[in-house]
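Asks: After the structure tokens below, expect a handful of questions from me.
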Amino acid sequence: MALLDVQNLTKRFGGLIAVNDASFSVESGQIFSLIGPNGAGKTTLFNTLTGMYRPDGGRVLYRDRRLSGLSPERIARRGVARTFQNIRLFGAMTVFENILVGQHPHIRYNYFDAIFQTPRLKHAEKRAEARAHELLEYMGLSDRAFDLARNLPYGAQRRLEIARALALRPKLLLLDEPAAGMNPQETDELKQVIRRLRDDRSITVLLIEHHMSVVMEISDRVVVLDYGKKIAEGTPAEVRNIPAVIEAYLGKGALEKPQ
Amino acid sequence: MKPRLSIIALTIAALAAGAALLAWPRSTWPLLAVLGVLFGCLTLNHHKPLRFAIALALLLFFIPAAGTHNTFLFELVTTMGIFAAMSLGLNIVVGMAGLLDLGYAAFFAIGAYTWAIFGSGQASEFMSGSFPLPGWPFFYTFAALAVITGALTGTLIGLPALRLRGDYLAVVTLGLGEVVRVLANNLDHPINFTNGPQGITPIERPPIHWMLKPLEALGLKATPALAYSIFFYLLVLAVIGIVVLVNVRLDRSRFGRAWVAIREDEIAARSMGISLTHTKLQAFATGAAFSGVMGAIFAAKQLFVSPETFTLLQSITILAMVILGGMGSIRGALVGAMAVTLLNIEVLKSFSDFLIHLRQTGFVLNLGIASYNFANLSDQIEPAKYERMIFGLILVLMMIFRPSGLIPERRHRLELGEPKKGACQDTNGGACGPA
């Protein structure tokens, strides 16, 4: 059974068709990459999957239930977490608090629990804090726990975004260019992290990435988008030899012999 | 300054200021010193119990003791307290949740009218029953009810916030705030709910004969006016205590975190499963509730309410308190309320008096190279008349030199005590609080 089933998904902005009849399905436990040249519609596809945009056609099934049409918060509560291409942390909050916000749907107590500091609140907060520490440890951020998120160096901000997404306890994690701006060493660490997410936590990862080394090394399956259309799908090895893909990336004629 | 040194200095300053206030209860300087010490109690970051004790000593001993000789002190601090509750409430909406609300005085009006209508003969205009309702126990019931009516109106006025952001929200809340005032002004016909522009008076106060005995035991033969001053002073202090407690607790709960999260980044917050609808309405309702209860107390204290009290200017004043103190900062909201109220009803007035005195006595300021005869000072120059200009100036200067306020917001979530030393070293923009 596919964890995520994208069927004929279409998203238009006026005359521009950003995502055009895209279909693919992500199996549970896969690391699934979405690649394509700039402006191919990858991020739009992410935004449509997570409810930021309403699709103009097609539908999305997640664990056999319809996801398309739900609000972002409902989709998050279903267990789909995401990170953003341009990092979106809560800058004025500490690293630790960012993780607590990520756990929001799982921290269950009401308003009056908060005012009267009931045992229920203390228990829930304690558990959330323990989990936050665990996640920070996992992502190597423990020593910056009480720094403001906006003061973290770039690479750490990227990791914090992943940690915050993990706090939601997702089954499916959407990473939008997590390696953007990372140096080679950080990129290597990121590959390890993504593999570990799948192996230790059985999280399925849907990845947008421009670093071909990341995509080729860790993906189980790759979909290539160009002008919103799916032009290829397969294992990394298969995809990289498909002429249409090379053409999309390098331009028409790239395959022809130089004269 | 070293923590120990500064707390010792604060203690000495508190005793000196307190003693000075007892010695000269009518003078402005000791009062400023006392408020300065209170400000210090709010600013320092260590010795929490001791700071708390100093603040309590000032608020529960020195100020009331001096106040028996000068009831104006009670009036001033009570007004500060009323505004402090409101700035704390507005701080939730504007400071924490980042929703610019320019109609905040409306909730104060709702709270005030809640008790004013039923605590006076006004209610018999449109319903049967014997009014005014007696102060005991109905004043307290209605104060509690004002929390609810405040919260409900807050939710109602918060509804546009679900679709609007920034300036647009500010314009709509401004309009809705004015709607409440205009309603209060015009709901005297066809059915007389609010008595229109004349306002409602007299309003019942809760009986306080139970307080006279303990006061006598303290050696104070209090006139009813003085006893009521003391009563409202203590009542407002108690309510402020509760409001601060609720504020701190909400701030540190998932609700406070959700407020700040939507302020920081709505999109990221939503993708963390935070519902904008719930979070924004909760912020509006909570903020309005604090204002509501103070409205009811204000009505009883003043014996009179009229629509004139709840103008746009009032909303802006409260907003100025929040901005001056530091958006999102609870201690900042308290300090902002203290500072602005003080400026409004004490400092500018006494400065005006001072200038008038100089003018009347024909004081000549002689600086050697230049001299000025104050008798020539135009009687147009009277600082109390320029309070709005002075506010504007203060706000502009704040925006330039200290945009995050007197006591900037300090996010903390520490179950392991204080953050480790140096955790704040690379902070930009004073987000770690005054060093």
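Going by the structure tokens order, chains are called A, B, ..., each with residues numbered from 1, while ligands are numbered from 1 in the order shown.
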Can I get the residues of chain A within 6 Å of chain B, each with the closest pair of atoms and their distance in Å to one decimal, using only C-alpha atoms, sorted chain first then ascending number, as JSON lines?
Replies:
{"residue": "A:Pro72", "atom": "CA", "partner": "B:Ser271", "partner_atom": "CA", "distance": 5.5}
{"residue": "A:Glu73", "atom": "CA", "partner": "B:Gly273", "partner_atom": "CA", "distance": 4.0}
{"residue": "A:Ala76", "atom": "CA", "partner": "B:Gly273", "partner_atom": "CA", "distance": 5.0}
{"residue": "A:Arg77", "atom": "CA", "partner": "B:Gly273", "partner_atom": "CA", "distance": 5.4}
{"residue": "A:Phe90", "atom": "CA", "partner": "B:Glu264", "partner_atom": "CA", "distance": 5.2}
{"residue": "A:Met93", "atom": "CA", "partner": "B:Arg411", "partner_atom": "CA", "distance": 5.7}
{"residue": "A:Gly102", "atom": "CA", "partner": "B:Met272", "partner_atom": "CA", "distance": 5.3}
{"residue": "A:Pro105", "atom": "CA", "partner": "B:Gly273", "partner_atom": "CA", "distance": 6.0}
{"residue": "A:Ala114", "atom": "CA", "partner": "B:Leu250", "partner_atom": "CA", "distance": 5.9}
{"residue": "A:Ile115", "atom": "CA", "partner": "B:Val246", "partner_atom": "CA", "distance": 5.6}
{"residue": "A:Asp147", "atom": "CA", "partner": "B:Ala423", "partner_atom": "CA", "distance": 5.9}
Asks: When DSSP works through the backbone of this structure, what residues of stretch 52-93 of chain A end up as helix (DSSP H, G or I), shown as a list in words?
Replies: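 Of stretch 52-93 of chain A, the ones in helix (DSSP H, G or I) are Pro72, Glu73, Arg74, Ile75, Ala76 and Arg77 of chain A.
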Asks: Just write the chosen residues, N, CA and C atoms, as a PDB file, in the first residue's frame.
Replies:
ATOM      1  N   PRO A  72      -3.590  23.298   6.114  1.00  0.00           N
ATOM      2  CA  PRO A  72      -2.232  22.876   6.482  1.00  0.00           C
ATOM      3  C   PRO A  72      -2.175  22.260   7.880  1.00  0.00           C
ATOM      4  N   GLU A  73      -2.934  22.898   8.824  1.00  0.00           N
ATOM      5  CA  GLU A  73      -2.826  22.379  10.189  1.00  0.00           C
ATOM      6  C   GLU A  73      -3.426  20.979  10.329  1.00  0.00           C
ATOM      7  N   ARG A  74      -4.511  20.748   9.581  1.00  0.00           N
ATOM      8  CA  ARG A  74      -5.101  19.403   9.617  1.00  0.00           C
ATOM      9  C   ARG A  74      -4.143  18.372   9.021  1.00  0.00           C
ATOM     10  N   ILE A  75      -3.503  18.768   7.931  1.00  0.00           N
ATOM     11  CA  ILE A  75      -2.578  17.846   7.282  1.00  0.00           C
ATOM     12  C   ILE A  75      -1.398  17.549   8.211  1.00  0.00           C
ATOM     13  N   ALA A  76      -0.917  18.588   8.895  1.00  0.00           N
ATOM     14  CA  ALA A  76       0.178  18.372   9.842  1.00  0.00           C
ATOM     15  C   ALA A  76      -0.254  17.397  10.933  1.00  0.00           C
ATOM     16  N   ARG A  77      -1.487  17.577  11.411  1.00  0.00           N
ATOM     17  CA  ARG A  77      -1.977  16.700  12.475  1.00  0.00           C
ATOM     18  C   ARG A  77      -2.140  15.260  12.015  1.00  0.00           C
TER      19      ARG A  77
END
Asks: For A:Lys42, please output as a ChimeraX atom specification all residues within 12 Å (counting only C-alpha atoms; exclusion window: fewer than 4 positions along the same chain).
Replies: /A:11,18-20,22,33-38,46-49,84-85,174-177,206-210,223-230
Asks: Could you pull the residues within 12 Å of A:Asp188, counting only C-alpha atoms, minus those fewer than 2 positions along the same chain, as a PDB file with N, CA and C atoms, in the first residue's frame?
Replies:
ATOM      1  N   PRO A 178      16.937  20.537   1.708  1.00  0.00           N
ATOM      2  CA  PRO A 178      17.609  20.624   3.015  1.00  0.00           C
ATOM      3  C   PRO A 178      19.100  20.894   2.892  1.00  0.00           C
ATOM      4  N   ALA A 179      19.716  20.531   1.784  1.00  0.00           N
ATOM      5  CA  ALA A 179      21.169  20.701   1.666  1.00  0.00           C
ATOM      6  C   ALA A 179      21.553  22.047   1.068  1.00  0.00           C
ATOM      7  N   MET A 182      24.609  24.232   2.217  1.00  0.00           N
ATOM      8  CA  MET A 182      25.471  23.489   3.144  1.00  0.00           C
ATOM      9  C   MET A 182      26.813  23.211   2.486  1.00  0.00           C
ATOM     10  N   ASN A 183      27.861  23.128   3.308  1.00  0.00           N
ATOM     11  CA  ASN A 183      29.159  22.753   2.765  1.00  0.00           C
ATOM     12  C   ASN A 183      29.210  21.222   2.623  1.00  0.00           C
ATOM     13  N   PRO A 184      30.226  20.680   1.937  1.00  0.00           N
ATOM     14  CA  PRO A 184      30.244  19.240   1.653  1.00  0.00           C
ATOM     15  C   PRO A 184      30.158  18.376   2.919  1.00  0.00           C
ATOM     16  N   GLN A 185      30.807  18.831   3.981  1.00  0.00           N
ATOM     17  CA  GLN A 185      30.775  18.024   5.197  1.00  0.00           C
ATOM     18  C   GLN A 185      29.366  17.989   5.785  1.00  0.00           C
ATOM     19  N   GLU A 186      28.748  19.161   5.830  1.00  0.00           N
ATOM     20  CA  GLU A 186      27.372  19.218   6.346  1.00  0.00           C
ATOM     21  C   GLU A 186      26.443  18.393   5.467  1.00  0.00           C
ATOM     22  N   LEU A 190      24.069  15.373   6.522  1.00  0.00           N
ATOM     23  CA  LEU A 190      22.633  15.389   6.227  1.00  0.00           C
ATOM     24  C   LEU A 190      22.179  14.069   5.623  1.00  0.00           C
ATOM     25  N   LYS A 191      23.004  13.532   4.724  1.00  0.00           N
ATOM     26  CA  LYS A 191      22.656  12.236   4.131  1.00  0.00           C
ATOM     27  C   LYS A 191      22.500  11.192   5.219  1.00  0.00           C
ATOM     28  N   GLN A 192      23.450  11.201   6.158  1.00  0.00           N
ATOM     29  CA  GLN A 192      23.366  10.236   7.263  1.00  0.00           C
ATOM     30  C   GLN A 192      22.059  10.432   8.029  1.00  0.00           C
ATOM     31  N   VAL A 193      21.755  11.695   8.319  1.00  0.00           N
ATOM     32  CA  VAL A 193      20.547  11.989   9.096  1.00  0.00           C
ATOM     33  C   VAL A 193      19.315  11.447   8.378  1.00  0.00           C
ATOM     34  N   ILE A 194      19.237  11.715   7.089  1.00  0.00           N
ATOM     35  CA  ILE A 194      18.032  11.291   6.367  1.00  0.00           C
ATOM     36  C   ILE A 194      17.920   9.762   6.362  1.00  0.00           C
ATOM     37  N   ARG A 195      19.055   9.100   6.166  1.00  0.00           N
ATOM     38  CA  ARG A 195      19.024   7.643   6.219  1.00  0.00           C
ATOM     39  C   ARG A 195      18.575   7.154   7.584  1.00  0.00           C
ATOM     40  N   HIS A 211      21.292  19.093  -4.893  1.00  0.00           N
ATOM     41  CA  HIS A 211      22.585  18.399  -4.798  1.00  0.00           C
ATOM     42  C   HIS A 211      22.431  16.998  -5.365  1.00  0.00           C
ATOM     43  N   SER A 213      24.501  14.671  -5.625  1.00  0.00           N
ATOM     44  CA  SER A 213      25.138  13.612  -4.847  1.00  0.00           C
ATOM     45  C   SER A 213      24.156  13.086  -3.795  1.00  0.00           C
ATOM     46  N   VAL A 214      23.414  14.001  -3.169  1.00  0.00           N
ATOM     47  CA  VAL A 214      22.440  13.574  -2.158  1.00  0.00           C
ATOM     48  C   VAL A 214      21.369  12.711  -2.812  1.00  0.00           C
ATOM     49  N   VAL A 215      20.832  13.228  -3.887  1.00  0.00           N
ATOM     50  CA  VAL A 215      19.722  12.527  -4.538  1.00  0.00           C
ATOM     51  C   VAL A 215      20.163  11.134  -4.995  1.00  0.00           C
ATOM     52  N   GLU A 217      22.694   9.264  -4.091  1.00  0.00           N
ATOM     53  CA  GLU A 217      23.169   8.309  -3.091  1.00  0.00           C
ATOM     54  C   GLU A 217      22.077   7.741  -2.210  1.00  0.00           C
ATOM     55  N   ILE A 218      21.142   8.573  -1.802  1.00  0.00           N
ATOM     56  CA  ILE A 218      20.229   8.072  -0.776  1.00  0.00           C
ATOM     57  C   ILE A 218      18.818   7.765  -1.282  1.00  0.00           C
TER      58      ILE A 218
END
Asks: Work out how far apart atom CA of B:Leu58 and atom CA of B:Ala144 are and give it in Å to one decimal.
Replies: 28.3 Å
Asks: Please, which residues of stretch 147-210 of chain A, numbered as in this document, come out strand (DSSP E or B) from DSSP, as a PyMOL selection string?
Replies: chain A and resi 148+172-176+204-208
Asks: For the residues selected in the previous step, produce a file with N, CA and C atoms as a CSV table (one decimal), in the first residue's frame.
Replies:
chain,number,residue,atom,x,y,z
A,148,LEU,N,18.6,31.8,20.9
A,148,LEU,CA,17.5,32.1,20.0
A,148,LEU,C,17.7,31.5,18.7
A,172,LEU,N,5.4,10.9,7.4
A,172,LEU,CA,5.9,11.3,6.1
A,172,LEU,C,6.6,12.7,6.4
A,173,LEU,N,7.8,12.8,5.9
A,173,LEU,CA,8.5,14.1,6.1
A,173,LEU,C,8.9,14.6,4.8
A,174,LEU,N,8.5,15.9,4.5
A,174,LEU,CA,8.8,16.5,3.3
A,174,LEU,C,9.9,17.5,3.5
A,175,LEU,N,11.0,17.3,2.8
A,175,LEU,CA,12.2,18.1,3.0
A,175,LEU,C,12.4,18.9,1.7
A,176,ASP,N,12.3,20.3,1.9
A,176,ASP,CA,12.5,21.1,0.7
A,176,ASP,C,13.9,21.7,0.6
A,204,THR,N,9.1,8.0,6.3
A,204,THR,CA,9.2,8.0,4.9
A,204,THR,C,9.6,9.5,4.5
A,205,VAL,N,10.5,9.6,3.6
A,205,VAL,CA,11.0,11.0,3.3
A,205,VAL,C,10.7,11.3,1.8
A,206,LEU,N,10.1,12.4,1.6
A,206,LEU,CA,9.9,13.0,0.3
A,206,LEU,C,10.8,14.2,0.2
A,207,LEU,N,11.7,14.2,-0.7
A,207,LEU,CA,12.8,15.1,-0.7
A,207,LEU,C,12.9,15.9,-2.0
A,208,ILE,N,13.0,17.3,-1.9
A,208,ILE,CA,13.4,18.1,-3.0
A,208,ILE,C,14.8,18.4,-2.9
Asks: Could you list, as a list in words, every residue within 9 Å of A:Arg63, counting only C-alpha atoms and ignoring same-chain residues fewer than 4 positions away?
Replies: Met1, Ala2, Leu3, Leu4 and Asp5 of chain A
Asks: Out of A:Gly181, A:Gly41, A:Ala167, A:Met52, which residue has the shortest atom-to-atom distance to A:Pro153 when counting only C-alpha atoms?
Replies: A:Gly181
Asks: So that I can see what lies close to A:Arg164, please list as a list in words the residues with an atom at most 10 Å from it, counting only C-alpha atoms and leaving out residues fewer than 3 positions away in the same chain.
Replies: Ala81, Arg82, Thr83, Leu89, Val95, Phe96, Glu97, Asn98, Ile99, Leu100, Val101, Gly102, Gln103, Ala132, Leu135, Leu136, Arg158, Arg159, Leu160, Glu161, Ala167, Leu168 and Arg169 of chain A; Met272 of chain B
Asks: Write a file of the just-selected residues containing C-alpha atoms, as a short mmCIF file (atom, residue, chain, number, x, y, z; two decimals), in the first residue's frame.
Replies:
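Okay, this is what ended up in result_22.cif:
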data_model
loop_
_atom_site.label_atom_id
_atom_site.label_comp_id
_atom_site.auth_asym_id
_atom_site.auth_seq_id
_atom_site.Cartn_x
_atom_site.Cartn_y
_atom_site.Cartn_z
CA ALA A 81 5.61 17.33 8.46
CA ARG A 82 7.68 19.58 6.28
CA THR A 83 10.62 21.93 6.17
CA LEU A 89 12.06 29.11 12.11
CA VAL A 95 15.85 26.42 19.90
CA PHE A 96 14.19 24.44 22.65
CA GLU A 97 10.91 26.32 22.29
CA ASN A 98 10.91 25.78 18.55
CA ILE A 99 10.85 22.05 19.23
CA LEU A 100 8.07 22.48 21.79
CA VAL A 101 5.99 24.35 19.20
CA GLY A 102 6.59 21.44 16.85
CA GLN A 103 4.99 19.15 19.39
CA ALA A 132 12.58 18.03 22.97
CA LEU A 135 15.33 15.42 19.53
CA LEU A 136 17.97 18.10 20.05
CA ARG A 158 18.55 23.69 8.75
CA ARG A 159 18.98 20.91 11.30
CA LEU A 160 16.67 22.68 13.72
CA GLU A 161 14.01 22.85 11.06
CA ALA A 167 8.70 16.88 16.85
CA LEU A 168 5.40 16.51 15.06
CA ARG A 169 6.06 12.74 14.99
CA MET B 272 3.22 22.54 12.88
#
Asks: I'd like the interatomic distance between atom CA of B:Ala222 and atom CA of B:Ile240, to a tenth of an Å.
Replies: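 Going from atom CA of B:Ala222 over to atom CA of B:Ile240, I get 24.6 Å.
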Asks: Return the single residue from A:Leu250, A:Lys126, A:Ile87, A:Arg196 that is closest to A:Arg150, with distances computed using only C-alpha atoms.
Replies: A:Ile87
Asks: Tell me, as a list of chain:residue names, which residues lie within 6 Å of A:Ala149, counting only C-alpha atoms; anything in the same chain fewer than 2 positions away does not count.
Replies: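 Near neighbours after the sequence-gap exclusion: A:Gly91, A:Thr94, A:Val95, A:Asn151, A:Leu152.
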Asks: Let me make sure I understand: among A:Ile203, A:Ile31, A:Val6, A:Ile231, which one has the smallest atom-to-atom distance to A:Pro55 if we use only C-alpha atoms?
Replies: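 Counting only C-alpha atoms, the residue closest to A:Pro55 is A:Val6.
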Asks: I need the residue nearest B:Leu234 from this list: B:Gly121, B:Pro25, B:Gly95, B:Pro64. Use only C-alpha atoms for the distance.
Replies: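 Answer, going by the shortest atom-to-atom distance: B:Pro64.
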Asks: How far is it from atom CA of B:Thr309 to atom CA of B:Val243, in Å with one decimal?
Replies: 22.5 Å
Asks: For B:Asn70, which residue among B:Met127, B:Leu226, B:Ala217, B:Leu88 is the nearest when counting only C-alpha atoms?
Replies: B:Leu226
